[in-house]
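Here's the structure we're looking at; comments come further down.
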Amino acid sequence: MKDYIFLLIIFFVLGCKKTTTDNPIVPQDKEEVNVPVSKRKINLVYPSNGSSFRSGDEFQIRYTLVDSIVEVDSVDVVFGDTRERLYHPATSFKTDCRVRDLGDNMLKLDFYVNGKKETDRREIVVFSDIKPQNISYEVLNKFPHDDNAYTQGLEFVDGVLYESTGTYGKSDIRITDLEKGSIQKKVPLNGKFFAEGMTCFNGKVYQLTWKEQTYFTYDTKLEKKEKHTLPFDSEGWGITHSDTELIMSNGSGDIYFINPETFQVRKTLGIYTDSGPVKKLNELELVGDILYANVYLSNELMLIDVHTGKVLAIIDMKDLLPIAEFKQGHTDVLNGIAYNEKTNKLYVTGKNWPYVYEIKHSPIKKIN
């Protein structure tokens with residue numbers, strides 16, 4: 001009887017064991033065993049950490065086998081929200097997973113060898129697939145400007161020109177008469193604050209400071225002033241707004257979409273050309289879907305797709321202020337962009353410049 005029961009058990013076990021050679025062995029997640037580095041059979045050659053791609057590129061993957069007898073059953077390529085499985089891949093292959101989001105991204109490769117998983121991760125950088133257009137501009141008019149105003153922010157609010165000026169001991173926020181260049185109202189800051197960009201959203205004027213982790217808010221008449229602590233660790237540089245949120249720069253290559261009530265960051269977006277990130281983003285102005293940006297230590301004006309972070313066009317404005325108007329050790333770089341919605345006109349100035357210029361630039365050519 002015991003022998004009979006033993007034979008039944010053997011028969012049952014053998015009957016339940018299932019084998020197949022039709023498909024590679026790809027274990028389920030709960031069965032996967034990640035192989036220690038010292039015992040791995042796969043050597044990922046490319047991409048390496050820091051490899052750069054352009055948005056829309058396909059990945060070229062290259063690997064070698066430590067043991068020539070080993071065969072890769074399959075590989076899962078995981079990038080963002082896309083995943084592709086390839087069976088018995090060659091040691092050099094392309095994948096349909098495409099690069100899209102700009103900036104730092106993680107590429108994950110799960111190789112399955114004899115039912116065990118070997119995972120490799122690579123940090124890659126995604127550049128824009130668009131080469132910025134170099135577009136021209138013309139000066140339509142110029143207006144007097146206080147050349148002791150170290151301009152950090154410039155904005156029209158219902159046709160009224162506001163300006164934030166910087167440097168320690170001289171920072172203020174003011175309302176200026178564009179035609180005359182005269183100051184109609186000025187609110188100075190305590191000397192320990194270095195004022196930066198400003199913008200007006202929903203009847204409230206926001207003014208950043210540089211390193212003080214502080215921002216100020218005012219009513220549109222600049223009569224009521226409140227002091228706030230920045231709720232995240234960052235310098236303050238430029239600021240503008242969309243219909244729903246504030247948009248801020250901090251001297252890096254990123255812009256930050258900010259909740260106007262809490263000042264918490266909702267989203268971060270890297271700004272890129274086809275050759276790499278843009279650094280030192282400063283004064284900002286949003287017109288439609290185009291984000292105009294000054295770049296510190298540069299006289300270039302960048303036009304950026306605010307949704308993707310791709311630089312669409314660059315305006316070289318190094319000749320805007322005649323060299324004869326520069327005062328050595330006083331006049332500084334282009335900084336200050338203001339769009340007047342009432343007149344559909346664009347204005348720019350610089351730090352300690354004697355003029356505000358009304359300009360018109362050539363259109364950005366449509367990209368096929």
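The way I read the labels, and the way they are meant: chains A, B, ... in the order of the structure tokens, residue 1 as the first residue of every chain, and ligand 1 as the first ligand shown, with later ones counted on from there.
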_Distance query Lys225 in chain A at most 7 Å, only C-alpha atoms, self and fewer than 6 positions along chain excluded, as a list of chain:residue names_ =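 Listing them by chain and then by number gives A:Phe216, A:Thr217, A:Tyr218.
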Take the selection from the previous step and output its residues with N, CA and C atoms, as a JSON list (two decimals), in the first residue's frame.
```json
[["chain", "number", "residue", "atom", "x", "y", "z"],
["A", 216, "PHE", "N", 8.32, 89.26, -1.17],
["A", 216, "PHE", "CA", 7.37, 90.24, -0.69],
["A", 216, "PHE", "C", 6.15, 90.28, -1.59],
["A", 217, "THR", "N", 5.02, 90.60, -1.02],
["A", 217, "THR", "CA", 3.82, 90.83, -1.81],
["A", 217, "THR", "C", 3.27, 92.23, -1.49],
["A", 218, "TYR", "N", 2.64, 92.83, -2.51],
["A", 218, "TYR", "CA", 2.07, 94.17, -2.38],
["A", 218, "TYR", "C", 0.70, 94.17, -3.06]]
```
Each residue of range 121-193 of chain A with at least one atom at most 7 Å from range 351-356 of chain A should appear once, together with its nearest atom pair and the corresponding distance in Å (one decimal); atoms considered: only C-alpha atoms; ordering: chain, then increasing residue number; output as CSV.
```
residue,atom,partner,partner_atom,distance
A:Lys142,CA,A:Val356,CA,5.6
A:Phe143,CA,A:Val356,CA,5.2
A:Pro144,CA,A:Tyr355,CA,4.7
A:His145,CA,A:Tyr355,CA,4.6
A:Asp146,CA,A:Pro354,CA,5.9
A:Asp147,CA,A:Asn352,CA,4.2
A:Asn148,CA,A:Asn352,CA,5.0
A:Ala149,CA,A:Asn352,CA,5.1
A:Tyr150,CA,A:Lys351,CA,4.3
A:Thr151,CA,A:Lys351,CA,4.7
```
With the cut-off set at 12 Å and counting only C-alpha atoms, tabulate each residue of range 73-180 of chain A with an atom at most that distance from an atom of range 342-346 of chain A, showing the nearest atom pair and its distance in Å to one decimal, ordered by chain and increasing number, as CSV.
```
residue,atom,partner,partner_atom,distance
A:Tyr137,CA,A:Leu346,CA,11.0
A:Glu138,CA,A:Leu346,CA,11.1
A:Val139,CA,A:Leu346,CA,10.2
A:Leu140,CA,A:Lys345,CA,9.7
A:Asn141,CA,A:Leu346,CA,10.6
A:Lys142,CA,A:Leu346,CA,11.5
A:Leu154,CA,A:Leu346,CA,11.0
A:Glu155,CA,A:Leu346,CA,10.2
A:Phe156,CA,A:Lys342,CA,9.2
A:Val157,CA,A:Lys342,CA,9.4
A:Asp158,CA,A:Lys342,CA,7.2
A:Gly159,CA,A:Lys342,CA,6.3
A:Val160,CA,A:Lys342,CA,10.1
A:Leu161,CA,A:Lys342,CA,11.9
```
At most 6 Å is the cut-off: for each residue in range 68-109 of chain A with any atom that close to an atom of range 117-128 of chain A, write down the nearest atom pair and the distance in Å rounded to one decimal, counting only C-alpha atoms, chain first then increasing number, as a Markdown table.
```
| residue | atom | partner | partner_atom | distance |
| --- | --- | --- | --- | --- |
| A:Leu102 | CA | A:Val126 | CA | 4.8 |
| A:Gly103 | CA | A:Val126 | CA | 4.9 |
| A:Asp104 | CA | A:Val125 | CA | 4.6 |
| A:Asn105 | CA | A:Ile124 | CA | 5.4 |
| A:Met106 | CA | A:Glu123 | CA | 4.7 |
| A:Leu107 | CA | A:Arg122 | CA | 5.2 |
| A:Lys108 | CA | A:Arg121 | CA | 4.5 |
| A:Leu109 | CA | A:Asp120 | CA | 5.2 |
```
*Which residue of A:Arg54, A:His241, A:His228, A:Lys310 approaches Gly270 in chain A most closely, using only C-alpha atoms*: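 Closest candidate: A:Lys310.
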*Counting only C-alpha atoms, what is within 7 Å of Ile315 in chain A, bar same-chain residues fewer than 4 positions away, as number ranges by chain?*
A: 134-136, 300-302
*DSSP-assigned strand (DSSP E) members of range 218-315 of chain A, reported as an NGL selection string*: :A and (218-219 or 225-229 or 239-241 or 246-249 or 254-258 or 265-270 or 272-273 or 276-277 or 281-287 or 290-295 or 300-305 or 311-315)
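Look at Gln184 in chain A: the protein and nucleic acid residues within 12 Å of it, using only C-alpha atoms and passing over chain neighbours fewer than 3 places away, are Val160, Leu161, Tyr162, Glu163, Ile173, Arg174, Ile175, Thr176, Asp177, Leu178, Glu179, Lys180, Gly181, Val187, Lys221 and Leu222 of chain A.
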Could you please take those selected residues and save C-alpha atoms as a JSON list (two decimals), in the first residue's frame?
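Final file, out-v5.json:
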```json
[["chain", "number", "residue", "atom", "x", "y", "z"],
["A", 160, "VAL", "CA", 1.04, 100.62, -15.80],
["A", 161, "LEU", "CA", 4.79, 99.89, -15.79],
["A", 162, "TYR", "CA", 6.20, 98.30, -12.63],
["A", 163, "GLU", "CA", 9.89, 97.73, -12.00],
["A", 173, "ILE", "CA", 9.89, 98.34, -6.25],
["A", 174, "ARG", "CA", 8.46, 101.21, -8.25],
["A", 175, "ILE", "CA", 5.84, 102.43, -10.68],
["A", 176, "THR", "CA", 7.35, 104.29, -13.62],
["A", 177, "ASP", "CA", 6.02, 106.63, -16.27],
["A", 178, "LEU", "CA", 7.20, 105.00, -19.50],
["A", 179, "GLU", "CA", 7.02, 108.14, -21.65],
["A", 180, "LYS", "CA", 8.90, 110.39, -19.22],
["A", 181, "GLY", "CA", 10.99, 107.83, -17.38],
["A", 187, "VAL", "CA", 8.93, 101.49, -2.05],
["A", 221, "LYS", "CA", -0.88, 100.56, -5.48],
["A", 222, "LEU", "CA", 2.21, 99.41, -3.54]]
```
*Contact residues around Gly288 in chain A with only C-alpha atoms at 10 Å, ignoring same-chain residues under 6 positions, as number ranges by chain*: A: 242-243, 305-306
*Do you have the CA of Leu312 in chain A-CA of Val333 in chain A distance handy?*
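So the two atoms, CA of Leu312 in chain A and CA of Val333 in chain A, lie 22.1 Å apart.
A straight line drawn from CA of Asp76 in chain A to CA of Ser55 in chain A is 20.9 Å long.
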_Atom-to-atom span, CA of Ser252 in chain A and CA of Lys279 in chain A, Å_ =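 So the two atoms, CA of Ser252 in chain A and CA of Lys279 in chain A, lie 5.2 Å apart.
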*Mind checking which residues fall within 12 Å of Pro322 in chain A, counting only C-alpha atoms, ignoring those fewer than 2 positions away in the same chain, and posting them as JSON, numbers by chain?*
{"A": [317, 318, 319, 320, 324, 325, 326, 327, 331, 353, 354, 355]}
*Do a neighbour search on range 44-47 of chain A at 8 Å with only C-alpha atoms, toss out local chain neighbours closer than 2 positions, and write the hits as a ChimeraX atom specification.*
/A:42,49,51,60-64,120,122,124
Export of prior selection with C-alpha atoms as a PDB file, in the first residue's frame:
```
ATOM      1  CA  ILE A  42      25.836  40.884 -19.030  1.00  0.00           C
ATOM      2  CA  ASN A  49      25.812  57.254 -17.456  1.00  0.00           C
ATOM      3  CA  SER A  51      24.995  59.857 -22.361  1.00  0.00           C
ATOM      4  CA  GLN A  60      20.828  52.075 -29.521  1.00  0.00           C
ATOM      5  CA  ILE A  61      21.702  49.478 -26.868  1.00  0.00           C
ATOM      6  CA  ARG A  62      24.998  47.596 -26.863  1.00  0.00           C
ATOM      7  CA  TYR A  63      26.124  44.895 -24.466  1.00  0.00           C
ATOM      8  CA  THR A  64      28.633  42.069 -24.281  1.00  0.00           C
ATOM      9  CA  ASP A 120      21.180  47.852 -15.369  1.00  0.00           C
ATOM     10  CA  ARG A 122      21.679  54.455 -16.849  1.00  0.00           C
ATOM     11  CA  ILE A 124      20.844  59.894 -19.512  1.00  0.00           C
TER      12      ILE A 124
END
```
*Of the candidates A:Gly336, A:Gly350, A:Gly197, A:Gly153, which one gets nearest to Leu321 in chain A if we count only C-alpha atoms?*
A:Gly350
_Using only C-alpha atoms for the distances, tell me which of A:Ser275, A:Asn282, A:Gln133, A:Thr268 is nearest to His307 in chain A._
A:Thr268
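With distances restricted to only C-alpha atoms, A:Leu284 is the closest residue to Gly238 in chain A from A:Leu334, A:Ile271, A:Leu284, A:Ile359.
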*Using only C-alpha atoms: which of A:Tyr206, A:Gly276, A:Gly169, A:Glu84 has the shortest distance to Ser52 in chain A*: A:Gly276
